[in-house]
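Here's work37.cif, which has mmCIF, C-alpha atoms and all ligand atoms:
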data_upload
#
loop_
_atom_site.group_PDB
_atom_site.id
_atom_site.type_symbol
_atom_site.label_atom_id
_atom_site.label_comp_id
_atom_site.auth_asym_id
_atom_site.auth_seq_id
_atom_site.Cartn_x
_atom_site.Cartn_y
_atom_site.Cartn_z
ATOM 1 C CA MET A 1 0.000 0.000 0.000
ATOM 2 C CA ASN A 2 1.334 3.401 -0.903
ATOM 3 C CA LEU A 3 0.197 5.860 1.749
ATOM 4 C CA THR A 4 1.381 8.911 -0.116
ATOM 5 C CA GLU A 5 -1.593 8.325 -2.406
ATOM 6 C CA LYS A 6 -4.016 8.837 0.474
ATOM 7 C CA GLU A 7 -5.544 12.180 1.355
ATOM 8 C CA PRO A 8 -3.556 13.132 4.473
ATOM 9 C CA ASP A 9 -6.458 14.743 6.320
ATOM 10 C CA GLN A 10 -8.872 11.819 5.966
ATOM 11 C CA LEU A 11 -8.584 10.524 9.474
ATOM 12 C CA GLY A 12 -10.970 7.933 10.858
ATOM 13 C CA THR A 13 -12.195 7.512 14.440
ATOM 14 C CA ARG A 14 -9.915 8.490 17.292
ATOM 15 C CA ILE A 15 -9.022 5.257 19.080
ATOM 16 C CA GLY A 16 -6.558 6.413 21.687
ATOM 17 C CA ILE A 17 -5.408 9.487 23.577
ATOM 18 C CA GLY A 18 -2.039 9.505 25.312
ATOM 19 C CA ARG A 19 0.047 12.206 26.948
ATOM 20 C CA GLU A 20 2.166 12.624 23.835
ATOM 21 C CA ALA A 21 -0.262 11.983 21.029
ATOM 22 C CA GLU A 22 -3.683 11.002 19.737
ATOM 23 C CA VAL A 23 -4.172 7.864 17.662
ATOM 24 C CA PHE A 24 -6.654 7.692 14.754
ATOM 25 C CA ASN A 25 -7.760 4.873 12.497
ATOM 26 C CA LEU A 26 -6.683 5.322 8.889
ATOM 27 C CA ASN A 27 -8.220 2.117 7.603
ATOM 28 C CA HIS A 28 -8.560 -1.484 8.781
ATOM 29 C CA GLU A 29 -4.797 -2.014 8.495
ATOM 30 C CA TRP A 30 -3.192 1.229 9.661
ATOM 31 C CA VAL A 31 -3.481 3.842 12.392
ATOM 32 C CA VAL A 32 -1.763 7.202 12.663
ATOM 33 C CA LYS A 33 -0.254 8.526 15.877
ATOM 34 C CA LEU A 34 -0.390 12.322 15.711
ATOM 35 C CA PHE A 35 1.936 14.018 18.176
ATOM 36 C CA TYR A 36 1.019 17.232 19.980
ATOM 37 C CA ASN A 37 4.540 18.569 19.884
ATOM 38 C CA ARG A 38 7.277 16.904 17.821
ATOM 39 C CA THR A 39 9.747 18.074 15.224
ATOM 40 C CA ALA A 40 10.152 16.343 11.868
ATOM 41 C CA GLU A 41 13.618 15.230 12.995
ATOM 42 C CA GLN A 42 12.227 13.580 16.161
ATOM 43 C CA ILE A 43 9.565 11.808 14.116
ATOM 44 C CA LYS A 44 12.163 10.484 11.691
ATOM 45 C CA ASN A 45 14.292 9.181 14.577
ATOM 46 C CA GLU A 46 11.331 7.533 16.164
ATOM 47 C CA VAL A 47 10.366 5.717 12.956
ATOM 48 C CA GLN A 48 13.943 4.447 12.682
ATOM 49 C CA ILE A 49 14.069 3.313 16.325
ATOM 50 C CA ASN A 50 10.745 1.503 15.970
ATOM 51 C CA GLN A 51 11.982 -0.225 12.822
ATOM 52 C CA LEU A 52 15.136 -1.415 14.608
ATOM 53 C CA ILE A 53 13.067 -2.845 17.439
ATOM 54 C CA TYR A 54 10.615 -4.459 15.018
ATOM 55 C CA LYS A 55 13.498 -6.131 13.193
ATOM 56 C CA SER A 56 14.816 -7.546 16.468
ATOM 57 C CA GLY A 57 11.760 -9.836 16.499
ATOM 58 C CA LEU A 58 9.984 -8.285 19.487
ATOM 59 C CA PRO A 59 6.182 -8.101 19.280
ATOM 60 C CA VAL A 60 5.748 -4.456 18.272
ATOM 61 C CA PRO A 61 3.572 -2.819 15.617
ATOM 62 C CA ALA A 62 5.398 -1.997 12.385
ATOM 63 C CA ALA A 63 6.097 1.730 11.897
ATOM 64 C CA ILE A 64 5.332 2.475 8.271
ATOM 65 C CA LYS A 65 6.304 6.101 7.736
ATOM 66 C CA ALA A 66 6.136 9.692 8.907
ATOM 67 C CA PHE A 67 2.851 11.513 8.260
ATOM 68 C CA GLU A 68 1.631 15.082 8.230
ATOM 69 C CA THR A 69 -1.830 16.546 8.315
ATOM 70 C CA ASN A 70 -2.729 20.209 8.725
ATOM 71 C CA GLY A 71 0.754 20.931 10.039
ATOM 72 C CA GLN A 72 0.551 18.181 12.686
ATOM 73 C CA LEU A 73 3.195 15.462 12.489
ATOM 74 C CA GLY A 74 2.730 11.806 13.110
ATOM 75 C CA ILE A 75 3.665 8.222 12.366
ATOM 76 C CA VAL A 76 1.647 5.587 10.559
ATOM 77 C CA PHE A 77 1.658 2.258 12.421
ATOM 78 C CA GLU A 78 0.245 -1.184 11.810
ATOM 79 C CA ARG A 79 -3.203 -1.229 13.463
ATOM 80 C CA LEU A 80 -3.506 -3.554 16.449
ATOM 81 C CA PRO A 81 -7.062 -4.699 17.024
ATOM 82 C CA GLY A 82 -7.685 -5.213 20.735
ATOM 83 C CA LYS A 83 -7.538 -3.424 24.055
ATOM 84 C CA THR A 84 -4.679 -2.161 26.167
ATOM 85 C CA MET A 85 -3.777 -4.314 29.166
ATOM 86 C CA LEU A 86 -4.941 -1.462 31.431
ATOM 87 C CA ALA A 87 -8.381 -1.337 29.765
ATOM 88 C CA ASP A 88 -8.750 -5.116 29.946
ATOM 89 C CA ILE A 89 -7.731 -5.365 33.613
ATOM 90 C CA SER A 90 -10.193 -2.712 34.620
ATOM 91 C CA THR A 91 -13.162 -4.640 33.268
ATOM 92 C CA LYS A 92 -11.746 -8.041 34.318
ATOM 93 C CA PRO A 93 -9.836 -7.383 37.561
ATOM 94 C CA TRP A 94 -9.394 -11.115 38.249
ATOM 95 C CA LYS A 95 -6.848 -11.120 35.420
ATOM 96 C CA ILE A 96 -4.302 -9.120 37.442
ATOM 97 C CA PHE A 97 -2.428 -12.250 38.474
ATOM 98 C CA ARG A 98 -1.886 -13.396 34.897
ATOM 99 C CA TYR A 99 -1.245 -9.906 33.540
ATOM 100 C CA ALA A 100 1.274 -8.897 36.225
ATOM 101 C CA LYS A 101 3.311 -11.998 35.385
ATOM 102 C CA GLN A 102 2.998 -11.341 31.675
ATOM 103 C CA LEU A 103 4.095 -7.733 32.154
ATOM 104 C CA ALA A 104 7.198 -8.962 34.003
ATOM 105 C CA GLY A 105 7.853 -11.773 31.509
ATOM 106 C CA PHE A 106 7.768 -9.489 28.476
ATOM 107 C CA HIS A 107 9.887 -6.906 30.265
ATOM 108 C CA SER A 108 12.527 -9.606 30.767
ATOM 109 C CA ILE A 109 12.325 -10.558 27.092
ATOM 110 C CA ILE A 110 12.840 -6.913 26.048
ATOM 111 C CA HIS A 111 15.856 -6.734 28.355
ATOM 112 C CA GLU A 112 17.507 -9.730 26.678
ATOM 113 C CA LYS A 113 17.892 -7.648 23.505
ATOM 114 C CA SER A 114 20.802 -5.417 22.764
ATOM 115 C CA ILE A 115 20.269 -3.115 19.773
ATOM 116 C CA SER A 116 22.847 -0.699 18.475
ATOM 117 C CA GLY A 117 21.897 2.792 17.346
ATOM 118 C CA LEU A 118 19.693 3.685 20.342
ATOM 119 C CA PRO A 119 20.128 6.715 22.613
ATOM 120 C CA GLU A 120 22.037 6.087 25.856
ATOM 121 C CA GLN A 121 19.781 5.668 28.893
ATOM 122 C CA ARG A 122 22.454 7.074 31.233
ATOM 123 C CA LEU A 123 22.687 10.337 29.304
ATOM 124 C CA GLN A 124 18.887 10.690 29.235
ATOM 125 C CA LEU A 125 18.729 10.088 32.993
ATOM 126 C CA ILE A 126 21.535 12.504 33.853
ATOM 127 C CA GLU A 127 19.930 15.207 31.746
ATOM 128 C CA ASN A 128 16.526 14.600 33.344
ATOM 129 C CA ILE A 129 17.950 14.649 36.877
ATOM 130 C CA GLN A 130 19.928 17.823 36.251
ATOM 131 C CA SER A 131 16.892 19.634 34.935
ATOM 132 C CA ALA A 132 14.454 18.438 37.636
ATOM 133 C CA GLU A 133 13.728 21.887 39.045
ATOM 134 C CA PRO A 134 11.757 21.089 42.197
ATOM 135 C CA VAL A 135 14.577 18.919 43.630
ATOM 136 C CA ASN A 136 17.420 20.510 45.619
ATOM 137 C CA GLU A 137 21.088 20.148 44.636
ATOM 138 C CA GLU A 138 21.990 17.887 47.570
ATOM 139 C CA ILE A 139 19.430 15.277 46.517
ATOM 140 C CA LYS A 140 20.485 15.533 42.865
ATOM 141 C CA ILE A 141 24.147 14.991 43.785
ATOM 142 C CA LEU A 142 23.257 11.893 45.787
ATOM 143 C CA ALA A 143 21.145 10.531 42.903
ATOM 144 C CA LEU A 144 23.889 11.169 40.326
ATOM 145 C CA GLY A 145 26.421 9.481 42.627
ATOM 146 C CA ILE A 146 24.198 6.395 42.918
ATOM 147 C CA LEU A 147 23.673 6.303 39.165
ATOM 148 C CA ASN A 148 27.359 6.605 38.350
ATOM 149 C CA ALA A 149 28.250 3.763 40.727
ATOM 150 C CA ILE A 150 25.996 1.265 38.888
ATOM 151 C CA PRO A 151 26.996 -0.221 35.507
ATOM 152 C CA LYS A 152 25.358 1.726 32.694
ATOM 153 C CA GLY A 153 24.347 -1.430 30.785
ATOM 154 C CA GLU A 154 23.633 -1.822 27.108
ATOM 155 C CA GLN A 155 20.353 -3.692 26.995
ATOM 156 C CA LEU A 156 17.194 -2.530 25.258
ATOM 157 C CA CYS A 157 15.078 -0.496 27.704
ATOM 158 C CA HIS A 158 11.557 0.687 26.879
ATOM 159 C CA GLY A 159 11.537 3.718 29.184
ATOM 160 C CA ASP A 160 7.716 3.948 29.423
ATOM 161 C CA TYR A 161 6.693 0.373 30.118
ATOM 162 C CA HIS A 162 3.297 0.001 31.824
ATOM 163 C CA PRO A 163 -0.102 -1.655 31.171
ATOM 164 C CA ASP A 164 -1.371 1.216 28.991
ATOM 165 C CA ASN A 165 1.442 0.537 26.522
ATOM 166 C CA LEU A 166 0.638 -3.119 25.914
ATOM 167 C CA ILE A 167 -2.135 -4.112 23.518
ATOM 168 C CA MET A 168 -3.820 -7.491 23.890
ATOM 169 C CA THR A 169 -5.062 -8.983 20.630
ATOM 170 C CA GLY A 170 -6.671 -12.321 21.391
ATOM 171 C CA ASN A 171 -3.904 -14.310 23.064
ATOM 172 C CA ASN A 172 -1.173 -12.150 21.592
ATOM 173 C CA LEU A 173 0.374 -9.165 23.208
ATOM 174 C CA LYS A 174 2.161 -6.260 21.524
ATOM 175 C CA ILE A 175 4.259 -3.532 23.068
ATOM 176 C CA ILE A 176 3.704 0.027 21.815
ATOM 177 C CA ASP A 177 5.008 3.546 22.459
ATOM 178 C CA TRP A 178 8.792 3.222 22.101
ATOM 179 C CA THR A 179 9.299 6.994 22.074
ATOM 180 C CA VAL A 180 11.961 6.997 24.791
ATOM 181 C CA ALA A 181 13.565 3.591 24.155
ATOM 182 C CA SER A 182 17.255 3.467 24.978
ATOM 183 C CA ALA A 183 20.265 1.239 25.505
ATOM 184 C CA GLY A 184 20.963 0.921 29.201
ATOM 185 C CA ASN A 185 20.605 -0.904 32.476
ATOM 186 C CA PRO A 186 17.453 -3.061 32.620
ATOM 187 C CA ILE A 187 17.119 -2.690 36.386
ATOM 188 C CA ALA A 188 16.718 1.072 35.929
ATOM 189 C CA ASP A 189 13.907 0.278 33.466
ATOM 190 C CA LEU A 190 12.389 -2.075 36.069
ATOM 191 C CA ALA A 191 12.566 0.643 38.763
ATOM 192 C CA LEU A 192 10.902 3.082 36.371
ATOM 193 C CA THR A 193 7.992 0.696 35.795
ATOM 194 C CA SER A 194 7.669 0.360 39.590
ATOM 195 C CA ILE A 195 7.316 4.127 39.832
ATOM 196 C CA PHE A 196 4.606 4.109 37.121
ATOM 197 C CA LEU A 197 2.711 1.302 38.785
ATOM 198 C CA LEU A 198 2.884 2.742 42.296
ATOM 199 C CA LEU A 199 2.619 6.467 41.657
ATOM 200 C CA GLY A 200 1.538 7.034 38.050
ATOM 201 C CA ARG A 201 -1.640 8.964 37.370
ATOM 202 C CA LEU A 202 -4.026 7.498 34.848
ATOM 203 C CA PRO A 203 -4.627 9.142 31.458
ATOM 204 C CA PRO A 204 -7.320 11.862 31.674
ATOM 205 C CA GLU A 205 -9.984 9.953 29.738
ATOM 206 C CA THR A 206 -9.800 6.871 32.019
ATOM 207 C CA PRO A 207 -13.329 5.794 33.044
ATOM 208 C CA LYS A 208 -14.334 6.104 36.730
ATOM 209 C CA PHE A 209 -14.593 2.357 37.199
ATOM 210 C CA THR A 210 -11.029 1.879 35.926
ATOM 211 C CA ARG A 211 -9.771 4.543 38.337
ATOM 212 C CA TRP A 212 -11.480 2.788 41.231
ATOM 213 C CA ALA A 213 -10.162 -0.663 40.210
ATOM 214 C CA VAL A 214 -6.629 0.682 39.788
ATOM 215 C CA THR A 215 -6.636 2.418 43.169
ATOM 216 C CA ILE A 216 -7.630 -0.811 44.890
ATOM 217 C CA GLY A 217 -5.382 -3.146 42.895
ATOM 218 C CA ARG A 218 -2.200 -1.225 42.158
ATOM 219 C CA LYS A 219 -0.128 -2.319 45.166
ATOM 220 C CA LEU A 220 -0.952 -5.978 44.639
ATOM 221 C CA PHE A 221 -0.322 -5.709 40.891
ATOM 222 C CA HIS A 222 3.029 -4.031 41.552
ATOM 223 C CA HIS A 223 4.038 -6.690 44.074
ATOM 224 C CA LEU A 224 3.170 -9.489 41.638
ATOM 225 C CA TYR A 225 5.014 -7.793 38.758
ATOM 226 C CA LEU A 226 8.165 -7.011 40.730
ATOM 227 C CA SER A 227 8.448 -10.377 42.437
ATOM 228 C CA HIS A 228 7.982 -12.205 39.135
ATOM 229 C CA TYR A 229 10.615 -10.099 37.386
ATOM 230 C CA LEU A 230 13.087 -10.678 40.230
ATOM 231 C CA LYS A 231 12.312 -14.388 40.167
ATOM 232 C CA LEU A 232 13.155 -14.478 36.458
ATOM 233 C CA ASN A 233 16.260 -12.309 37.053
ATOM 234 C CA PRO A 234 17.524 -13.212 40.531
ATOM 235 C CA GLY A 235 20.180 -11.265 42.426
ATOM 236 C CA HIS A 236 19.044 -7.743 41.479
ATOM 237 C CA LYS A 237 16.943 -6.703 44.466
ATOM 238 C CA ASN A 238 19.538 -4.379 46.023
ATOM 239 C CA GLU A 239 20.366 -2.770 42.725
ATOM 240 C CA TYR A 240 16.648 -2.266 42.084
ATOM 241 C CA LYS A 241 16.303 -0.372 45.375
ATOM 242 C CA LYS A 242 19.262 1.852 44.481
ATOM 243 C CA TRP A 243 17.722 2.861 41.163
ATOM 244 C CA LEU A 244 14.445 4.097 42.678
ATOM 245 C CA LEU A 245 15.744 7.535 43.709
ATOM 246 C CA PRO A 246 17.474 8.456 40.411
ATOM 247 C CA VAL A 247 14.614 7.249 38.210
ATOM 248 C CA ALA A 248 11.964 8.962 40.357
ATOM 249 C CA ILE A 249 13.829 12.279 40.001
ATOM 250 C CA GLY A 250 14.221 11.712 36.257
ATOM 251 C CA ARG A 251 10.486 11.057 35.985
ATOM 252 C CA LEU A 252 9.732 14.526 37.395
ATOM 253 C CA ASN A 253 11.069 15.925 34.182
ATOM 254 C CA GLU A 254 8.161 14.431 32.241
ATOM 255 C CA GLY A 255 6.235 17.392 33.628
ATOM 256 C CA ILE A 256 3.102 15.440 34.578
ATOM 257 C CA VAL A 257 1.567 17.934 36.984
ATOM 258 C CA GLU A 258 -0.823 15.455 38.640
ATOM 259 C CA GLU A 259 2.088 13.181 39.552
ATOM 260 C CA GLN A 260 4.415 15.795 40.992
ATOM 261 C CA ASP A 261 3.334 15.811 44.657
ATOM 262 C CA ARG A 262 3.462 12.046 44.963
ATOM 263 C CA LEU A 263 6.841 11.884 43.241
ATOM 264 C CA LEU A 264 8.298 14.588 45.475
ATOM 265 C CA ALA A 265 7.095 12.779 48.610
ATOM 266 C CA PHE A 266 8.587 9.526 47.300
ATOM 267 C CA ILE A 267 11.910 11.254 46.473
ATOM 268 C CA GLN A 268 12.145 12.823 49.948
ATOM 269 C CA LYS A 269 11.440 9.468 51.649
ATOM 270 C CA SER A 270 13.933 7.655 49.482
ATOM 271 C CA TYR A 271 16.580 10.348 50.096
ATOM 272 C CA GLU A 272 16.140 9.985 53.870
ATOM 273 C CA GLU A 273 16.397 6.185 53.635
ATOM 274 C CA ASN A 274 19.601 6.489 51.589
ATOM 275 C CA ASN A 275 21.082 8.842 54.156
ATOM 276 C CA ARG A 276 20.272 6.442 56.996
ATOM 277 C CA SER A 277 21.871 3.420 55.288
HETATM 278 N N1 LIG B 1 -0.750 0.525 16.638
HETATM 279 C C1 LIG B 1 -1.844 0.749 17.366
HETATM 280 N N2 LIG B 1 -2.996 0.078 17.121
HETATM 281 C C2 LIG B 1 -4.111 0.320 17.854
HETATM 282 N N3 LIG B 1 -4.194 1.213 18.873
HETATM 283 C C3 LIG B 1 -3.092 1.920 19.179
HETATM 284 C C4 LIG B 1 -1.859 1.730 18.455
HETATM 285 N N4 LIG B 1 -0.928 2.572 18.983
HETATM 286 C C5 LIG B 1 -1.544 3.228 19.964
HETATM 287 N N5 LIG B 1 -2.841 2.851 20.110
HETATM 288 C C6 LIG B 1 -3.815 3.377 21.107
HETATM 289 O O1 LIG B 1 -3.534 4.758 21.360
HETATM 290 C C7 LIG B 1 -3.149 4.981 22.737
HETATM 291 C C8 LIG B 1 -2.044 6.045 22.796
HETATM 292 O O2 LIG B 1 -0.909 5.596 22.047
HETATM 293 P P1 LIG B 1 0.565 5.713 22.601
HETATM 294 O O3 LIG B 1 1.507 5.286 21.531
HETATM 295 O O4 LIG B 1 0.688 4.970 23.897
HETATM 296 O O5 LIG B 1 0.674 7.293 22.850
HETATM 297 P P2 LIG B 1 1.325 8.153 24.021
HETATM 298 O O6 LIG B 1 2.793 8.234 23.669
HETATM 299 O O7 LIG B 1 0.689 9.497 23.933
HETATM 300 O O8 LIG B 1 1.077 7.432 25.321
HETATM 301 C C9 LIG B 1 -2.725 3.601 23.245
HETATM 302 O O9 LIG B 1 -2.865 3.469 24.649
HETATM 303 C C10 LIG B 1 -3.680 2.679 22.461
HETATM 304 O O10 LIG B 1 -4.954 2.651 23.077
HETATM 305 MG MG MG B 2 1.359 5.422 25.804
#

As structure tokens, what does this structure read like?
Amino acid sequence: MNLTEKEPDQLGTRIGIGREAEVFNLNHEWVVKLFYNRTAEQIKNEVQINQLIYKSGLPVPAAIKAFETNGQLGIVFERLPGKTMLADISTKPWKIFRYAKQLAGFHSIIHEKSISGLPEQRLQLIENIQSAEPVNEEIKILALGILNAIPKGEQLCHGDYHPDNLIMTGNNLKIIDWTVASAGNPIADLALTSIFLLLGRLPPETPKFTRWAVTIGRKLFHHLYLSHYLKLNPGHKNEYKKWLLPVAIGRLNEGIVEEQDRLLAFIQKSYEENNRS
């Protein structure tokens, strides 16, 4: 199919809204992810990164090409019929046991890959920590010290891995939203998912019932996810704990206003614990 032959502004139904973009159906095979705020250069990079990950054999939608409509930039992806893991759990909460294990299992599979040509996780983290305005210098210095004492790693890390970025299609699962993928230390990526699961706010359009189910179930889901990941990858518990402070500070830089108070409280607590030990 040659998409350049399509009228660029003929978008179908909107099927998803994220923090970075909205996703529209183009036809039964393709969707387009239209970003709120991206340069053409960033879009091009993202298509290339997605193609590298696709070629590695991981279950991800194919990125077809960059797209523009009315001045808004986007990427055309293979359409995945099905629901996100988050949407499915909220209507079928009994599935949390299976899904938490699956989330951990696929995270481990991602972390087995090593793909050249990706941005360096360590550089992204250092930049995010340095520009985290609400955190004082003393805490930043401690976090950077912790980070520099742990191997930087060179495994594939998703950087935004949580149940709203996995799409369930029948018995298959696909991982989307590789915008901030990097090469780095998988345990930092694990700690980041912990922060999402424990403290992350839900997307604005999340139905009330989902919010209620998530509030009740998030601690249990997190426990099941983390313990399964550490069972599959034993010997990393201490390193995991060390990563929590640096990745929580880095997360502040995402600028998600609704998350800020919780993150700051978590950072303060973790700083005090580090100082005691
Ligand atoms: N390839 C796809 N096929 C079907 N739905 C998709 C696809 N990509 C994204 N979506 C839907 O759009 C939502 C937002 O997409 P996502 O890539 O996660 O954007 P954001 O970076 O803003 O979080 C997803 O949670 C999902 O519901
Ligand atoms: Mg997303």

Kindly indicate which residue among A:Arg98, A:Lys113, A:His158, A:Arg122 lies nearest to ligand MG 2 (chain B), using all atoms listed in the file for the distances. A:His158

In terms of the shortest atom-to-atom distance over only C-alpha atoms, which of A:Ile150, A:Val135, A:Ile53, A:Leu244 is closest to Ser116 (chain A)?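 The closest residue to Ser116 (chain A) is A:Ile53.
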
Can you check which parts of chain A lie within 10 Å of ligand LIG 1 (chain B)? Per residue, the shortest pair of atoms and distance in Å to one decimal, counting only C-alpha atoms and all ligand atoms, sorted by chain and number, as JSON lines.
{"residue": "A:Arg14", "atom": "CA", "partner": "B:LIG1", "partner_atom": "O1", "distance": 8.4}
{"residue": "A:Ile15", "atom": "CA", "partner": "B:LIG1", "partner_atom": "C6", "distance": 5.9}
{"residue": "A:Gly16", "atom": "CA", "partner": "B:LIG1", "partner_atom": "O1", "distance": 3.5}
{"residue": "A:Ile17", "atom": "CA", "partner": "B:LIG1", "partner_atom": "C8", "distance": 4.9}
{"residue": "A:Gly18", "atom": "CA", "partner": "B:LIG1", "partner_atom": "O7", "distance": 3.1}
{"residue": "A:Arg19", "atom": "CA", "partner": "B:LIG1", "partner_atom": "O7", "distance": 4.1}
{"residue": "A:Glu20", "atom": "CA", "partner": "B:LIG1", "partner_atom": "O7", "distance": 3.5}
{"residue": "A:Ala21", "atom": "CA", "partner": "B:LIG1", "partner_atom": "O7", "distance": 3.9}
{"residue": "A:Glu22", "atom": "CA", "partner": "B:LIG1", "partner_atom": "C8", "distance": 6.1}
{"residue": "A:Val23", "atom": "CA", "partner": "B:LIG1", "partner_atom": "O1", "distance": 4.9}
{"residue": "A:Phe24", "atom": "CA", "partner": "B:LIG1", "partner_atom": "O1", "distance": 7.9}
{"residue": "A:Asn25", "atom": "CA", "partner": "B:LIG1", "partner_atom": "C2", "distance": 7.9}
{"residue": "A:Glu29", "atom": "CA", "partner": "B:LIG1", "partner_atom": "N2", "distance": 9.1}
{"residue": "A:Trp30", "atom": "CA", "partner": "B:LIG1", "partner_atom": "N1", "distance": 7.4}
{"residue": "A:Val31", "atom": "CA", "partner": "B:LIG1", "partner_atom": "N1", "distance": 6.0}
{"residue": "A:Val32", "atom": "CA", "partner": "B:LIG1", "partner_atom": "N1", "distance": 7.8}
{"residue": "A:Lys33", "atom": "CA", "partner": "B:LIG1", "partner_atom": "N4", "distance": 6.7}
{"residue": "A:Leu34", "atom": "CA", "partner": "B:LIG1", "partner_atom": "O7", "distance": 8.8}
{"residue": "A:Phe35", "atom": "CA", "partner": "B:LIG1", "partner_atom": "O7", "distance": 7.4}
{"residue": "A:Tyr36", "atom": "CA", "partner": "B:LIG1", "partner_atom": "O7", "distance": 8.7}
{"residue": "A:Val60", "atom": "CA", "partner": "B:LIG1", "partner_atom": "N1", "distance": 8.3}
{"residue": "A:Pro61", "atom": "CA", "partner": "B:LIG1", "partner_atom": "N1", "distance": 5.6}
{"residue": "A:Ala62", "atom": "CA", "partner": "B:LIG1", "partner_atom": "N1", "distance": 7.9}
{"residue": "A:Ala63", "atom": "CA", "partner": "B:LIG1", "partner_atom": "N1", "distance": 8.4}
{"residue": "A:Ile75", "atom": "CA", "partner": "B:LIG1", "partner_atom": "N4", "distance": 9.8}
{"residue": "A:Val76", "atom": "CA", "partner": "B:LIG1", "partner_atom": "N1", "distance": 8.3}
{"residue": "A:Phe77", "atom": "CA", "partner": "B:LIG1", "partner_atom": "N1", "distance": 5.2}
{"residue": "A:Glu78", "atom": "CA", "partner": "B:LIG1", "partner_atom": "N1", "distance": 5.2}
{"residue": "A:Arg79", "atom": "CA", "partner": "B:LIG1", "partner_atom": "N2", "distance": 3.9}
{"residue": "A:Leu80", "atom": "CA", "partner": "B:LIG1", "partner_atom": "N2", "distance": 3.7}
{"residue": "A:Pro81", "atom": "CA", "partner": "B:LIG1", "partner_atom": "C2", "distance": 5.9}
{"residue": "A:Gly82", "atom": "CA", "partner": "B:LIG1", "partner_atom": "C2", "distance": 7.2}
{"residue": "A:Lys83", "atom": "CA", "partner": "B:LIG1", "partner_atom": "O10", "distance": 6.7}
{"residue": "A:Thr84", "atom": "CA", "partner": "B:LIG1", "partner_atom": "O10", "distance": 5.7}
{"residue": "A:Met85", "atom": "CA", "partner": "B:LIG1", "partner_atom": "O9", "distance": 9.0}
{"residue": "A:Leu86", "atom": "CA", "partner": "B:LIG1", "partner_atom": "O9", "distance": 8.6}
{"residue": "A:Ala87", "atom": "CA", "partner": "B:LIG1", "partner_atom": "O10", "distance": 8.5}
{"residue": "A:Asp160", "atom": "CA", "partner": "B:LIG1", "partner_atom": "O8", "distance": 8.5}
{"residue": "A:Tyr161", "atom": "CA", "partner": "B:LIG1", "partner_atom": "O4", "distance": 9.8}
{"residue": "A:His162", "atom": "CA", "partner": "B:LIG1", "partner_atom": "O4", "distance": 9.7}
{"residue": "A:Pro163", "atom": "CA", "partner": "B:LIG1", "partner_atom": "O9", "distance": 8.7}
{"residue": "A:Asp164", "atom": "CA", "partner": "B:LIG1", "partner_atom": "O9", "distance": 5.1}
{"residue": "A:Asn165", "atom": "CA", "partner": "B:LIG1", "partner_atom": "O4", "distance": 5.2}
{"residue": "A:Leu166", "atom": "CA", "partner": "B:LIG1", "partner_atom": "O9", "distance": 7.6}
{"residue": "A:Ile167", "atom": "CA", "partner": "B:LIG1", "partner_atom": "C10", "distance": 7.0}
{"residue": "A:Met168", "atom": "CA", "partner": "B:LIG1", "partner_atom": "C2", "distance": 9.9}
{"residue": "A:Thr169", "atom": "CA", "partner": "B:LIG1", "partner_atom": "C2", "distance": 9.8}
{"residue": "A:Lys174", "atom": "CA", "partner": "B:LIG1", "partner_atom": "N1", "distance": 8.9}
{"residue": "A:Ile175", "atom": "CA", "partner": "B:LIG1", "partner_atom": "N4", "distance": 9.0}
{"residue": "A:Ile176", "atom": "CA", "partner": "B:LIG1", "partner_atom": "O3", "distance": 5.7}
{"residue": "A:Asp177", "atom": "CA", "partner": "B:LIG1", "partner_atom": "O3", "distance": 4.0}
{"residue": "A:Trp178", "atom": "CA", "partner": "B:LIG1", "partner_atom": "O3", "distance": 7.6}
{"residue": "A:Thr179", "atom": "CA", "partner": "B:LIG1", "partner_atom": "O6", "distance": 6.8}
{"residue": "A:Val180", "atom": "CA", "partner": "B:LIG1", "partner_atom": "O6", "distance": 9.3}
{"residue": "A:Pro203", "atom": "CA", "partner": "B:LIG1", "partner_atom": "O8", "distance": 8.6}

Atomic separation - CA of Phe106 (chain A) relative to CA of Lys44 (chain A), Å: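 These two atoms are separated by 26.5 Å.
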
What does the structure give for the distance between CA of Asp261 (chain A) and CA of Leu198 (chain A), in Å to one decimal? 13.3 Å
